[in-house]
Amino acid sequence: MEKFANAGHMISEQLWDDDDLADGKMKRGLPTGAAMPLCWSHAEYVSLVRSRHEGVCFDRVEPAYERFVANPVASHHEIWTLKYPLRRLPWRKTLRVILAAEATMIWTADGWATKNSVEPSYYEAFDLWSADLATGQLAFGTVVEFTFFWQTTQRWEGRNWQVAIT
């Protein structure tokens, strides 16, 4: 990073990383004309230097490091939402469906030869509804298909989703 600083030792927000332009305005490794000096880029540089010197990230959040790096706890759930409709679920994990409104989840694991339902739970603190589908009894490779019946509007979703147990 130091080699990309200007004569005043200021670090640019952006550097040109392509071949020099014919008009001479953009040259490889030089600033693009973006903000310079940029205080956060200097602060990040100082943070990197200090962290390297100390051998540990100087501004890491220790409880987060302990929870997610030093002593991680595996999640038993995979989250599905209408905006993030995952298509695969690791075998023996619980499919947690999160919705913005109350809806009964109707599902099948045998192509609708049989059907099951799951009533959602309401979490007031988040103003969300959640329904869990435990898949531990389902065989590896099973495809779970489901839809919703929206309670407030008394209507079916009008489409099905599929999640493969992998």
# chains A, B, ... in the order shown; residues from 1 in each chain; ligands from 1
call {"tool": "select_by_dssp", "arguments": {"residues": "chain A", "states": "alpha helix (DSSP H)", "output": "PyMOL selection string"}}
result
chain A and resi 39-54+62-65
call {"tool": "select_by_dssp", "arguments": {"residues": "segment 20-120 of chain A", "states": "strand (DSSP E)", "output": "mmCIF file with C-alpha atoms, in the first residue's frame"}}
result
data_model
loop_
_atom_site.group_PDB
_atom_site.id
_atom_site.type_symbol
_atom_site.label_atom_id
_atom_site.label_comp_id
_atom_site.auth_asym_id
_atom_site.auth_seq_id
_atom_site.Cartn_x
_atom_site.Cartn_y
_atom_site.Cartn_z
ATOM 1 C CA HIS A 77 -30.750 -24.778 11.122
ATOM 2 C CA GLU A 78 -30.719 -23.456 7.585
ATOM 3 C CA ILE A 79 -32.754 -20.332 6.921
ATOM 4 C CA TRP A 80 -35.252 -20.052 4.051
ATOM 5 C CA ARG A 88 -30.460 -27.415 -0.937
ATOM 6 C CA LEU A 89 -30.409 -28.316 2.749
ATOM 7 C CA THR A 94 -33.759 -28.183 10.321
ATOM 8 C CA LEU A 95 -35.288 -26.013 7.615
ATOM 9 C CA ARG A 96 -36.341 -22.762 9.318
ATOM 10 C CA VAL A 97 -38.807 -20.813 7.168
ATOM 11 C CA ILE A 98 -39.065 -17.141 8.113
ATOM 12 C CA LEU A 99 -42.044 -15.099 6.927
ATOM 13 C CA ALA A 103 -48.929 -18.578 7.062
ATOM 14 C CA THR A 104 -49.437 -22.294 7.514
ATOM 15 C CA MET A 105 -46.708 -24.224 5.738
ATOM 16 C CA ILE A 106 -48.066 -27.219 3.820
ATOM 17 C CA TRP A 107 -45.344 -29.645 2.756
ATOM 18 C CA THR A 108 -44.639 -33.051 1.298
ATOM 19 C CA ASN A 116 -48.165 -32.298 6.292
ATOM 20 C CA SER A 117 -48.629 -28.900 7.854
ATOM 21 C CA VAL A 118 -46.559 -26.736 10.179
#
call {"tool": "atom_distance", "arguments": {"atom1": "atom CA of Arg60 of chain A", "atom2": "atom CA of Pro72 of chain A"}}
result
15.9 Å
call {"tool": "residues_around", "arguments": {"residues": "Ala5 of chain A", "least_positions_apart": "2", "cutoff": "10 Å", "atoms": "only C-alpha atoms", "output": "ChimeraX atom specification"}}
result
/A:1-3,7-12,15,29-31,36-37
call {"tool": "closest_residue", "arguments": {"among": "A:Leu128, A:Ala101, A:Leu138, A:Leu86", "to": "Val163 of chain A", "atoms": "only C-alpha atoms"}}
result
A:Leu86
call {"tool": "decode", "arguments": {"residues": "segment 5-146 of chain A", "atoms": "C-alpha atoms", "output": "PDB file, in the first residue's frame"}}
result
ATOM      1  CA  ALA A   5       0.823   6.546  -1.910  1.00  0.00           C
ATOM      2  CA  ASN A   6       1.508   9.935  -3.514  1.00  0.00           C
ATOM      3  CA  ALA A   7       4.501  12.181  -2.767  1.00  0.00           C
ATOM      4  CA  GLY A   8       2.736  13.429   0.377  1.00  0.00           C
ATOM      5  CA  HIS A   9       2.217   9.809   1.516  1.00  0.00           C
ATOM      6  CA  MET A  10      -1.549  10.025   0.981  1.00  0.00           C
ATOM      7  CA  ILE A  11      -3.392   6.852   0.005  1.00  0.00           C
ATOM      8  CA  SER A  12      -6.011   7.099  -2.723  1.00  0.00           C
ATOM      9  CA  GLU A  13      -9.444   5.511  -2.526  1.00  0.00           C
ATOM     10  CA  GLN A  14      -8.950   3.839  -5.923  1.00  0.00           C
ATOM     11  CA  LEU A  15      -6.007   2.895  -8.117  1.00  0.00           C
ATOM     12  CA  TRP A  16      -6.009   2.236 -11.856  1.00  0.00           C
ATOM     13  CA  ASP A  17      -5.347  -1.498 -12.309  1.00  0.00           C
ATOM     14  CA  ASP A  18      -5.446  -1.793 -16.090  1.00  0.00           C
ATOM     15  CA  ASP A  19      -3.087  -0.839 -18.900  1.00  0.00           C
ATOM     16  CA  ASP A  20      -2.261   2.858 -19.226  1.00  0.00           C
ATOM     17  CA  LEU A  21      -4.810   4.807 -21.265  1.00  0.00           C
ATOM     18  CA  ALA A  22      -3.613   6.377 -24.503  1.00  0.00           C
ATOM     19  CA  ASP A  23      -4.598   9.889 -23.381  1.00  0.00           C
ATOM     20  CA  GLY A  24      -2.267   9.517 -20.366  1.00  0.00           C
ATOM     21  CA  LYS A  25      -4.981  10.285 -17.823  1.00  0.00           C
ATOM     22  CA  MET A  26      -4.981   6.833 -16.233  1.00  0.00           C
ATOM     23  CA  LYS A  27      -1.774   4.943 -15.496  1.00  0.00           C
ATOM     24  CA  ARG A  28      -1.403   1.518 -13.916  1.00  0.00           C
ATOM     25  CA  GLY A  29      -0.859   1.763 -10.149  1.00  0.00           C
ATOM     26  CA  LEU A  30      -1.685   5.466  -9.930  1.00  0.00           C
ATOM     27  CA  PRO A  31      -4.756   7.150  -8.422  1.00  0.00           C
ATOM     28  CA  THR A  32      -7.901   7.296 -10.551  1.00  0.00           C
ATOM     29  CA  GLY A  33      -8.810  10.767  -9.354  1.00  0.00           C
ATOM     30  CA  ALA A  34     -11.010   9.460  -6.559  1.00  0.00           C
ATOM     31  CA  ALA A  35     -10.861  10.903  -3.054  1.00  0.00           C
ATOM     32  CA  MET A  36      -7.352  11.583  -1.736  1.00  0.00           C
ATOM     33  CA  PRO A  37      -6.569  11.809   1.107  1.00  0.00           C
ATOM     34  CA  LEU A  38      -9.138   9.444   2.437  1.00  0.00           C
ATOM     35  CA  CYS A  39      -9.055   9.143   6.223  1.00  0.00           C
ATOM     36  CA  TRP A  40     -10.573   5.678   6.465  1.00  0.00           C
ATOM     37  CA  SER A  41      -7.997   4.222   4.060  1.00  0.00           C
ATOM     38  CA  HIS A  42      -5.202   5.637   6.245  1.00  0.00           C
ATOM     39  CA  ALA A  43      -6.891   4.291   9.372  1.00  0.00           C
ATOM     40  CA  GLU A  44      -7.224   0.835   7.811  1.00  0.00           C
ATOM     41  CA  TYR A  45      -3.584   0.929   6.777  1.00  0.00           C
ATOM     42  CA  VAL A  46      -2.491   1.807  10.335  1.00  0.00           C
ATOM     43  CA  SER A  47      -4.737  -0.977  11.644  1.00  0.00           C
ATOM     44  CA  LEU A  48      -3.121  -3.483   9.250  1.00  0.00           C
ATOM     45  CA  VAL A  49       0.392  -2.416  10.218  1.00  0.00           C
ATOM     46  CA  ARG A  50      -0.376  -2.662  13.930  1.00  0.00           C
ATOM     47  CA  SER A  51      -2.124  -6.021  13.515  1.00  0.00           C
ATOM     48  CA  ARG A  52       0.798  -7.455  11.585  1.00  0.00           C
ATOM     49  CA  HIS A  53       3.243  -6.151  14.170  1.00  0.00           C
ATOM     50  CA  GLU A  54       1.248  -7.661  17.075  1.00  0.00           C
ATOM     51  CA  GLY A  55       0.427 -10.886  15.233  1.00  0.00           C
ATOM     52  CA  VAL A  56      -3.317 -10.545  15.866  1.00  0.00           C
ATOM     53  CA  CYS A  57      -6.060  -8.319  14.469  1.00  0.00           C
ATOM     54  CA  PHE A  58      -5.927  -5.332  16.801  1.00  0.00           C
ATOM     55  CA  ASP A  59      -9.581  -4.296  16.474  1.00  0.00           C
ATOM     56  CA  ARG A  60     -11.245  -7.687  16.488  1.00  0.00           C
ATOM     57  CA  VAL A  61     -14.270  -8.142  18.706  1.00  0.00           C
ATOM     58  CA  GLU A  62     -13.152 -10.803  21.157  1.00  0.00           C
ATOM     59  CA  PRO A  63     -16.583 -12.314  21.967  1.00  0.00           C
ATOM     60  CA  ALA A  64     -17.295 -12.675  18.237  1.00  0.00           C
ATOM     61  CA  TYR A  65     -13.860 -14.221  17.644  1.00  0.00           C
ATOM     62  CA  GLU A  66     -14.408 -16.701  20.475  1.00  0.00           C
ATOM     63  CA  ARG A  67     -17.886 -17.637  19.229  1.00  0.00           C
ATOM     64  CA  PHE A  68     -17.188 -17.962  15.506  1.00  0.00           C
ATOM     65  CA  VAL A  69     -13.462 -18.804  15.262  1.00  0.00           C
ATOM     66  CA  ALA A  70     -11.951 -20.164  18.480  1.00  0.00           C
ATOM     67  CA  ASN A  71     -14.968 -22.187  19.657  1.00  0.00           C
ATOM     68  CA  PRO A  72     -17.490 -22.287  16.825  1.00  0.00           C
ATOM     69  CA  VAL A  73     -20.866 -23.842  17.437  1.00  0.00           C
ATOM     70  CA  ALA A  74     -22.426 -25.493  14.412  1.00  0.00           C
ATOM     71  CA  SER A  75     -25.911 -24.353  13.564  1.00  0.00           C
ATOM     72  CA  HIS A  76     -28.600 -27.006  13.366  1.00  0.00           C
ATOM     73  CA  HIS A  77     -30.750 -24.778  11.122  1.00  0.00           C
ATOM     74  CA  GLU A  78     -30.719 -23.456   7.585  1.00  0.00           C
ATOM     75  CA  ILE A  79     -32.754 -20.332   6.921  1.00  0.00           C
ATOM     76  CA  TRP A  80     -35.252 -20.052   4.051  1.00  0.00           C
ATOM     77  CA  THR A  81     -37.056 -16.807   3.203  1.00  0.00           C
ATOM     78  CA  LEU A  82     -39.034 -15.597   0.215  1.00  0.00           C
ATOM     79  CA  LYS A  83     -36.056 -13.368  -0.656  1.00  0.00           C
ATOM     80  CA  TYR A  84     -33.540 -16.174  -0.076  1.00  0.00           C
ATOM     81  CA  PRO A  85     -35.243 -19.417  -1.110  1.00  0.00           C
ATOM     82  CA  LEU A  86     -32.418 -21.914  -0.688  1.00  0.00           C
ATOM     83  CA  ARG A  87     -32.626 -24.975  -2.889  1.00  0.00           C
ATOM     84  CA  ARG A  88     -30.460 -27.415  -0.937  1.00  0.00           C
ATOM     85  CA  LEU A  89     -30.409 -28.316   2.749  1.00  0.00           C
ATOM     86  CA  PRO A  90     -27.647 -30.320   4.438  1.00  0.00           C
ATOM     87  CA  TRP A  91     -28.931 -33.691   5.625  1.00  0.00           C
ATOM     88  CA  ARG A  92     -30.289 -33.705   9.190  1.00  0.00           C
ATOM     89  CA  LYS A  93     -30.506 -29.944   9.496  1.00  0.00           C
ATOM     90  CA  THR A  94     -33.759 -28.183  10.321  1.00  0.00           C
ATOM     91  CA  LEU A  95     -35.288 -26.013   7.615  1.00  0.00           C
ATOM     92  CA  ARG A  96     -36.341 -22.762   9.318  1.00  0.00           C
ATOM     93  CA  VAL A  97     -38.807 -20.813   7.168  1.00  0.00           C
ATOM     94  CA  ILE A  98     -39.065 -17.141   8.113  1.00  0.00           C
ATOM     95  CA  LEU A  99     -42.044 -15.099   6.927  1.00  0.00           C
ATOM     96  CA  ALA A 100     -43.275 -11.539   7.359  1.00  0.00           C
ATOM     97  CA  ALA A 101     -46.883 -12.669   7.876  1.00  0.00           C
ATOM     98  CA  GLU A 102     -48.658 -15.641   9.426  1.00  0.00           C
ATOM     99  CA  ALA A 103     -48.929 -18.578   7.062  1.00  0.00           C
ATOM    100  CA  THR A 104     -49.437 -22.294   7.514  1.00  0.00           C
ATOM    101  CA  MET A 105     -46.708 -24.224   5.738  1.00  0.00           C
ATOM    102  CA  ILE A 106     -48.066 -27.219   3.820  1.00  0.00           C
ATOM    103  CA  TRP A 107     -45.344 -29.645   2.756  1.00  0.00           C
ATOM    104  CA  THR A 108     -44.639 -33.051   1.298  1.00  0.00           C
ATOM    105  CA  ALA A 109     -41.630 -35.292   0.901  1.00  0.00           C
ATOM    106  CA  ASP A 110     -43.254 -37.774  -1.492  1.00  0.00           C
ATOM    107  CA  GLY A 111     -44.579 -35.717  -4.397  1.00  0.00           C
ATOM    108  CA  TRP A 112     -47.872 -34.874  -2.636  1.00  0.00           C
ATOM    109  CA  ALA A 113     -48.883 -38.500  -2.045  1.00  0.00           C
ATOM    110  CA  THR A 114     -49.127 -37.308   1.560  1.00  0.00           C
ATOM    111  CA  LYS A 115     -49.123 -33.813   2.970  1.00  0.00           C
ATOM    112  CA  ASN A 116     -48.165 -32.298   6.292  1.00  0.00           C
ATOM    113  CA  SER A 117     -48.629 -28.900   7.854  1.00  0.00           C
ATOM    114  CA  VAL A 118     -46.559 -26.736  10.179  1.00  0.00           C
ATOM    115  CA  GLU A 119     -48.047 -23.820  12.099  1.00  0.00           C
ATOM    116  CA  PRO A 120     -45.672 -20.876  12.467  1.00  0.00           C
ATOM    117  CA  SER A 121     -44.571 -19.232  15.701  1.00  0.00           C
ATOM    118  CA  TYR A 122     -44.638 -15.466  16.089  1.00  0.00           C
ATOM    119  CA  TYR A 123     -41.578 -13.597  17.349  1.00  0.00           C
ATOM    120  CA  GLU A 124     -42.796 -10.210  18.490  1.00  0.00           C
ATOM    121  CA  ALA A 125     -39.307  -8.757  19.003  1.00  0.00           C
ATOM    122  CA  PHE A 126     -38.618  -9.236  15.287  1.00  0.00           C
ATOM    123  CA  ASP A 127     -42.209  -8.985  14.014  1.00  0.00           C
ATOM    124  CA  LEU A 128     -41.638 -12.215  12.075  1.00  0.00           C
ATOM    125  CA  TRP A 129     -43.218 -15.631  11.793  1.00  0.00           C
ATOM    126  CA  SER A 130     -41.157 -18.803  11.760  1.00  0.00           C
ATOM    127  CA  ALA A 131     -41.905 -22.442  10.977  1.00  0.00           C
ATOM    128  CA  ASP A 132     -39.392 -25.252  11.486  1.00  0.00           C
ATOM    129  CA  LEU A 133     -39.324 -28.407   9.417  1.00  0.00           C
ATOM    130  CA  ALA A 134     -37.130 -31.045  11.068  1.00  0.00           C
ATOM    131  CA  THR A 135     -35.657 -33.169   8.307  1.00  0.00           C
ATOM    132  CA  GLY A 136     -33.745 -35.692  10.443  1.00  0.00           C
ATOM    133  CA  GLN A 137     -36.184 -38.493   9.571  1.00  0.00           C
ATOM    134  CA  LEU A 138     -36.009 -37.804   5.827  1.00  0.00           C
ATOM    135  CA  ALA A 139     -33.651 -39.793   3.631  1.00  0.00           C
ATOM    136  CA  PHE A 140     -30.631 -38.223   1.993  1.00  0.00           C
ATOM    137  CA  GLY A 141     -31.686 -37.045  -1.469  1.00  0.00           C
ATOM    138  CA  THR A 142     -35.325 -36.416  -0.525  1.00  0.00           C
ATOM    139  CA  VAL A 143     -36.915 -33.363  -2.125  1.00  0.00           C
ATOM    140  CA  VAL A 144     -39.204 -31.425   0.180  1.00  0.00           C
ATOM    141  CA  GLU A 145     -41.894 -29.409  -1.584  1.00  0.00           C
ATOM    142  CA  PHE A 146     -43.961 -26.780   0.202  1.00  0.00           C
TER     143      PHE A 146
END
